[in-house]
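Participant: Have a look at the structure that comes next, please.
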Amino acid sequence: MKIKEFKIGESFYTGSGKWICTDIGSRVIVAVKKGKLPPGPPYAVVEYVFDEYDMEGCIKNQKL
């Protein structure tokens, strides 16, 4: 995926599962792993940063 394809609050997938985008920077996105999330946002869980190389492995819809 390209950075312009990410939207805050929308889901995307990687090889490790489903993620929710929580922030978009100029060259990175920040996301939380979908699972048992507390009510939010803001979510009281660890957020992960995806750089331009990580985004190459992201897909919008899960394709099996």
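Starting from 1 in every chain, residues are counted up; chains themselves are A, B, ... following the order of the structure tokens, and ligands are numbered from 1 as listed.
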Write out as a PyMOL selection string which residues come within 8 Å of Val49 of chain A when counting only C-alpha atoms, dropping same-chain ones fewer than 2 positions away.

Facilitator: chain A and resi 28-31+47+51

Participant: Find the spatial neighbours of Glu56 of chain A, counting only C-alpha atoms, within a cut-off of 9 Å - ignore same-chain residues fewer than 4 positions away - and output them as an NGL selection string.

Facilitator: :A and (1-2 or 52)

Participant: Could you take the residues named above and write them with N, CA, C and O atoms, as a PDB file, in the first residue's frame?

Facilitator:
ATOM      1  N   MET A   1       0.838  -1.182   0.000  1.00  0.00           N
ATOM      2  CA  MET A   1       0.000   0.000   0.000  1.00  0.00           C
ATOM      3  C   MET A   1       0.878   1.239   0.000  1.00  0.00           C
ATOM      4  O   MET A   1       2.004   1.206   0.481  1.00  0.00           O
ATOM      5  N   LYS A   2       0.351   2.304  -0.514  1.00  0.00           N
ATOM      6  CA  LYS A   2       1.004   3.616  -0.476  1.00  0.00           C
ATOM      7  C   LYS A   2       0.419   4.404   0.691  1.00  0.00           C
ATOM      8  O   LYS A   2      -0.707   4.153   1.124  1.00  0.00           O
ATOM      9  N   GLU A  52       8.073   3.287   5.177  1.00  0.00           N
ATOM     10  CA  GLU A  52       7.781   3.037   3.758  1.00  0.00           C
ATOM     11  C   GLU A  52       8.075   1.595   3.335  1.00  0.00           C
ATOM     12  O   GLU A  52       7.402   1.055   2.460  1.00  0.00           O
TER      13      GLU A  52
END

Participant: Find the distance between atom CA of Pro39 of chain A and atom CA of Ile3 of chain A and write it in Å to one decimal.

Facilitator: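 These atoms are spaced 26.2 Å apart.
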
Participant: Name the closest residue to Lys18 of chain A among the candidates A:Pro38, A:Ala44, A:Cys58, A:Tyr53; distances are taken between atoms, counting only C-alpha atoms.

Facilitator: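 Selected residue with least distance to Lys18 of chain A: A:Cys58.
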
Participant: Could you give me the residues within chain A that DSSP places in strand (DSSP E or B), as a list in words?

Facilitator: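 Secondary structure check on chain A, strand (DSSP E or B): Ser11, Phe12, Tyr13, Thr14, Gly17, Lys18, Trp19, Ile20, Cys21, Thr22, Asp23, Ile24, Ile29, Val30, Ala31, Val32, Lys33, Tyr48, Val49, Phe50 and Ile59 of chain A.
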
Participant: Which residues are near Lys34 of chain A? Cut-off 10 Å, only C-alpha atoms, ignore same chain within fewer than 5 positions. Put them as a ChimeraX atom specification.

Facilitator: /A:11-13,17-21

Participant: Quick one: of A:Glu10, A:Ser16, A:Asp54, A:Thr22, who's nearest to Pro42 of chain A, counting only C-alpha atoms?

Facilitator: A:Thr22

Participant: If you run DSSP on this backbone, which residues of chain A come out as alpha helix (DSSP H), and could you give them as a list in words?

Facilitator: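 DSSP on the backbone gives alpha helix (DSSP H) at Glu52, Tyr53, Asp54 and Met55 of chain A.
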